[in-house]
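Raw contents of start.csv, CSV, C-alpha atoms:
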chain,number,residue,atom,x,y,z
H,915,MET,CA,83.7,103.6,116.3
H,916,ALA,CA,83.4,103.5,112.5
H,917,VAL,CA,86.4,103.5,110.1
H,918,LEU,CA,86.2,104.7,106.5
H,919,GLY,CA,88.8,103.5,104.1
H,920,VAL,CA,89.5,105.7,101.1
H,921,ILE,CA,91.6,104.6,98.1
H,922,ALA,CA,92.6,107.8,96.4
H,923,ALA,CA,93.1,107.0,92.7
H,924,ARG,CA,93.2,109.9,90.3
H,925,GLY,CA,93.4,109.2,86.6
H,926,GLY,CA,95.6,112.0,85.5
H,927,SER,CA,99.1,110.9,86.4
H,928,LYS,CA,101.7,112.8,84.3
H,929,ARG,CA,104.7,110.7,85.4
H,930,PHE,CA,103.1,107.4,84.7
H,931,PRO,CA,99.7,107.5,82.9
H,932,GLY,CA,97.4,104.7,83.9
H,933,LYS,CA,99.5,103.7,86.8
H,934,ASN,CA,96.7,102.9,89.2
H,935,ILE,CA,95.4,100.1,86.9
H,936,ALA,CA,98.7,99.0,85.5
H,937,GLN,CA,99.3,95.3,85.8
H,938,PHE,CA,101.4,94.3,88.8
H,939,ARG,CA,102.1,90.6,89.3
H,940,GLY,CA,99.0,89.5,87.5
H,941,ARG,CA,96.4,92.0,88.6
H,942,PRO,CA,95.8,95.8,88.4
H,943,LEU,CA,97.8,97.8,90.9
H,944,ILE,CA,94.7,99.1,92.7
H,945,ALA,CA,93.3,95.6,93.1
H,946,TRP,CA,96.1,94.8,95.6
H,947,THR,CA,95.0,97.6,97.9
H,948,ILE,CA,91.3,96.7,97.5
H,949,LEU,CA,91.9,93.0,98.4
H,950,GLU,CA,93.9,93.7,101.5
H,951,ALA,CA,91.6,96.5,102.7
H,952,GLN,CA,88.5,94.2,102.3
H,953,LYS,CA,90.1,91.8,104.8
H,954,SER,CA,90.8,94.6,107.3
H,955,THR,CA,88.8,96.1,110.1
H,956,ILE,CA,87.7,99.0,107.8
H,957,ASP,CA,83.9,99.3,108.0
H,958,THR,CA,83.3,101.1,104.7
H,959,LEU,CA,85.8,101.0,101.8
H,960,ILE,CA,85.5,103.4,98.9
H,961,CYS,CA,87.6,104.4,95.9
H,962,SER,CA,87.6,108.1,95.2
H,963,THR,CA,88.3,108.7,91.5
H,964,ASP,CA,87.7,110.9,88.5
H,965,ASP,CA,88.5,108.2,86.0
H,966,ASP,CA,86.1,105.7,84.3
H,967,ASP,CA,88.7,102.9,83.9
H,968,ILE,CA,89.7,103.1,87.5
H,969,GLU,CA,86.1,103.2,88.6
H,970,LEU,CA,85.3,100.1,86.6
H,971,THR,CA,88.4,98.3,87.9
H,972,ALA,CA,87.5,99.1,91.5
H,973,LEU,CA,83.9,97.9,91.0
H,974,VAL,CA,85.0,94.7,89.3
H,975,HIS,CA,87.1,94.0,92.4
H,976,GLY,CA,84.2,94.6,94.8
H,977,CYS,CA,85.0,98.2,95.9
H,978,ARG,CA,82.4,100.9,96.1
H,979,THR,CA,83.3,104.1,94.3
H,980,ILE,CA,82.6,107.8,94.4
H,981,ARG,CA,83.3,110.3,91.7
H,982,ARG,CA,85.4,113.2,93.1
H,983,PRO,CA,84.5,116.7,91.9
H,984,ASP,CA,86.8,118.2,89.3
H,985,ILE,CA,88.3,120.6,91.8
H,986,PHE,CA,89.7,117.5,93.7
H,987,ALA,CA,91.1,115.9,90.5
H,988,THR,CA,93.8,118.3,89.7
H,989,ASP,CA,97.5,118.3,90.3
H,990,LYS,CA,97.0,120.9,93.1
H,991,ALA,CA,94.3,118.9,94.9
H,992,THR,CA,95.6,117.3,98.1
H,993,CYS,CA,94.8,113.9,99.7
H,994,GLU,CA,93.4,115.9,102.6
H,995,ASP,CA,90.8,117.5,100.2
H,996,VAL,CA,89.9,114.0,98.9
H,997,LEU,CA,89.5,112.7,102.5
H,998,ARG,CA,87.3,115.7,103.5
H,999,HIS,CA,85.1,115.1,100.5
H,1000,ALA,CA,84.8,111.4,101.3
H,1001,LEU,CA,84.0,112.1,105.0
H,1002,ALA,CA,81.3,114.5,104.0
H,1003,LEU,CA,79.6,111.7,102.1
H,1004,PHE,CA,80.4,108.9,104.6
H,1005,PRO,CA,80.8,110.4,108.1
H,1006,HIS,CA,82.9,108.0,110.1
H,1007,ASP,CA,85.0,108.4,113.3
H,1008,TYR,CA,88.3,107.5,111.6
H,1009,VAL,CA,89.5,107.7,108.1
H,1010,VAL,CA,92.2,105.5,106.5
H,1011,LEU,CA,94.0,106.7,103.3
H,1012,LEU,CA,95.3,103.9,101.1
H,1013,GLN,CA,97.2,104.7,98.0
H,1014,PRO,CA,97.1,102.2,95.2
H,1015,THR,CA,100.8,102.8,94.5
H,1016,SER,CA,101.7,100.8,97.6
H,1017,PRO,CA,100.6,97.3,96.6
H,1018,LEU,CA,102.6,95.2,99.1
H,1019,ARG,CA,101.0,96.6,102.3
H,1020,THR,CA,99.2,93.9,104.2
H,1021,THR,CA,95.9,93.6,106.0
H,1022,ASP,CA,97.9,93.4,109.2
H,1023,ASP,CA,99.7,96.7,108.4
H,1024,ILE,CA,96.3,98.4,107.9
H,1025,ASN,CA,94.8,96.9,111.1
H,1026,GLN,CA,97.9,97.8,113.2
H,1027,CYS,CA,97.7,101.4,112.0
H,1028,ILE,CA,94.0,101.6,112.8
H,1029,PHE,CA,94.5,100.0,116.3
H,1030,ILE,CA,97.3,102.4,117.2
H,1031,SER,CA,95.4,105.5,116.0
H,1032,VAL,CA,92.2,104.5,117.9
H,1033,CYS,CA,94.1,103.7,121.1
H,1034,ARG,CA,96.1,106.9,121.0
H,1035,LYS,CA,93.5,109.1,119.3
H,1036,GLU,CA,96.2,110.5,117.1
H,1037,PRO,CA,97.1,110.2,113.4
H,1038,VAL,CA,99.3,107.3,112.3
H,1039,VAL,CA,101.6,107.4,109.3
H,1040,SER,CA,103.5,104.4,107.9
H,1041,TYR,CA,107.2,104.7,107.6
H,1042,CYS,CA,110.1,102.6,106.3
H,1043,GLY,CA,113.3,103.7,108.1
H,1044,ALA,CA,113.3,107.5,108.3
H,1045,TYR,CA,110.9,108.0,105.4
H,1046,LYS,CA,107.1,108.0,105.0
H,1047,ASN,CA,106.3,105.2,102.6
H,1048,GLY,CA,102.7,106.3,101.7
H,1049,ALA,CA,101.2,102.9,102.4
H,1050,VAL,CA,98.8,103.8,105.3
H,1051,TYR,CA,97.6,107.0,106.9
H,1052,VAL,CA,95.0,106.9,109.6
H,1053,ALA,CA,93.4,109.9,111.3
H,1054,PRO,CA,90.5,110.7,113.6
H,1055,ARG,CA,87.7,112.5,111.7
H,1056,GLU,CA,88.1,115.7,113.7
H,1057,TRP,CA,91.8,116.0,112.7
H,1058,VAL,CA,90.9,115.9,109.0
H,1059,ILE,CA,87.9,118.2,109.3
H,1060,ARG,CA,89.9,120.7,111.3
H,1061,ASN,CA,92.4,120.9,108.5
H,1062,ASP,CA,95.3,121.0,110.9
H,1063,PHE,CA,97.9,118.7,109.3
H,1064,THR,CA,100.7,120.1,111.5
H,1065,GLU,CA,99.7,118.0,114.5
H,1066,PRO,CA,102.2,115.4,115.6
H,1067,HIS,CA,101.6,111.9,114.4
H,1068,ILE,CA,102.7,108.4,115.4
H,1069,HIS,CA,105.0,106.4,113.2
H,1070,TYR,CA,104.1,102.8,112.2
H,1071,GLN,CA,107.3,101.1,111.0
H,1072,MET,CA,106.9,98.8,108.0
H,1073,PRO,CA,109.6,96.5,106.7
H,1074,ARG,CA,111.4,97.6,103.5
H,1075,GLU,CA,110.1,94.6,101.6
H,1076,ARG,CA,106.5,95.8,102.0
H,1077,SER,CA,107.3,99.5,101.5
H,1078,LEU,CA,107.2,99.7,97.7
H,1079,ASP,CA,105.8,102.9,96.4
H,1080,ILE,CA,105.3,103.0,92.6
H,1081,ASP,CA,105.3,106.4,91.0
H,1082,TYR,CA,107.2,105.6,87.8
H,1083,LYS,CA,106.9,102.8,85.1
H,1084,GLU,CA,110.5,101.8,85.9
H,1085,GLN,CA,109.6,101.2,89.5
H,1086,LEU,CA,106.7,98.9,88.4
H,1087,ASP,CA,109.0,97.0,86.0
H,1088,ASN,CA,111.7,96.6,88.6
H,1089,ALA,CA,109.3,95.4,91.3
H,1090,GLN,CA,108.0,92.6,89.0
H,1091,LEU,CA,111.4,90.9,88.8

Could you spell out this file's structure in structure tokens?
Amino acid sequence: MAVLGVIAARGGSKRFPGKNIAQFRGRPLIAWTILEAQKSTIDTLICSTDDDDIELTALVHGCRTIRRPDIFATDKATCEDVLRHALALFPHDYVVLLQPTSPLRTTDDINQCIFISVCRKEPVVSYCGAYKNGAVYVAPREWVIRNDFTEPHIHYQMPRERSLDIDYKEQLDNAQL
């Protein structure tokens, strides 16, 4: 069983330009995801990006990068599109989507989601309370390739203190207090 970790980091955020490499508690936001993923059971970790600064930041922190095609770097491109592109380049049995905007997820959160997905052979989505928190998504390769995202998934409950999701500058500023 091989697990591919994909950090999806597009450069064109309209709500918060440069958010993926904005400084958070002394390091770029994306670095928090890279460092925790590197300690996890992920076999291959890549950052999928369209941005030179994000690519350089990922490389500096020891993460392999791939340039996503322009079609997957628009506002209309989905994370599923990015995952299919990554799986075409790096065929693995499972794929883990890690968004750089969730810097407080831990290696244990990543590993637990992978373990649950592999044991149950179903997708796992991280939640905080009743809401998806966007920190970890794990799915078997066939599920992503089939493009059937209506299948049921398993919830992995994360504590509120690790469920930060930064989409706006104000959220970043408030989380640094």

* Neighbour list for Ala1049 of chain H as a ChimeraX atom specification, cut-off 7 Å, only C-alpha atoms, skip fewer than 5 positions in-chain -> /H:1012-1013,1016,1019,1040

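Residues in contact range of Cys1027 of chain H, defined as at most 7 Å between all atoms listed in the file, with sequence neighbours fewer than 2 positions away removed, read H:Asp1023, H:Ile1024, H:Asn1025, H:Phe1029, H:Ile1030, H:Ser1031, H:Val1038, H:Val1052, H:Tyr1070.
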
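Nearest to Gln1071 of chain H of all the residues H:Arg929, H:Lys953, H:Lys1083, H:Lys1046 is H:Lys1046, counting all atoms listed in the file.
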
Contact check, segment 978-1064 of chain H to segment 931-948 of chain H, at most 7 Å, counting all atoms listed in the file, closest pairs as JSON lines:
{"residue": "H:Pro1014", "atom": "CA", "partner": "H:Ile944", "partner_atom": "CA", "distance": 4.6}
{"residue": "H:Thr1015", "atom": "CA", "partner": "H:Asn934", "partner_atom": "CA", "distance": 6.7}
{"residue": "H:Pro1017", "atom": "CA", "partner": "H:Trp946", "partner_atom": "CA", "distance": 5.2}

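Shortest atom-to-atom contact with Met915 of chain H among H:Ala1089, H:Met1072, H:Val1032, H:Leu1001: H:Val1032, counting all atoms listed in the file.
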
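What separates atom CA of Ala1000 of chain H from atom CA of Thr955 of chain H is a distance of 18.1 Å.
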
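Here atom CA of His1069 of chain H is placed at a distance of 20.0 Å from atom CA of Leu918 of chain H.
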
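In this structure, atom CA of Tyr1051 of chain H sits 11.2 Å away from atom CA of Gln1026 of chain H.
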
* Asked: Looking at all atoms listed in the file, which of H:Leu1078, H:Cys993, H:Leu1011, H:Arg981 is the one that sits closest to Pro1054 of chain H?
  -> H:Leu1011

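Each of H:His1067, H:Arg1060, H:Arg924, H:Arg1055 was checked against Pro1005 of chain H using only C-alpha atoms; the smallest atom-to-atom distance is that of H:Arg1055.
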
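Closest approach to Arg1034 of chain H among H:Ile1068, H:Asn1047, H:His1006, H:Asp995: H:Ile1068, based on only C-alpha atoms.
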
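The smallest atom-to-atom distance between Cys977 of chain H and any of H:Leu1018, H:Val920, H:Val1058, H:Val996, using only C-alpha atoms, is found for H:Val920.
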
* Asked: Which neighbours of Leu973 of chain H fall inside 12 Å, counting all atoms listed in the file, when residues of the same chain fewer than 2 positions from it are skipped, and could you give them as a PyMOL selection string?
  -> chain H and resi 944-945+948-949+959-963+966-971+975-980
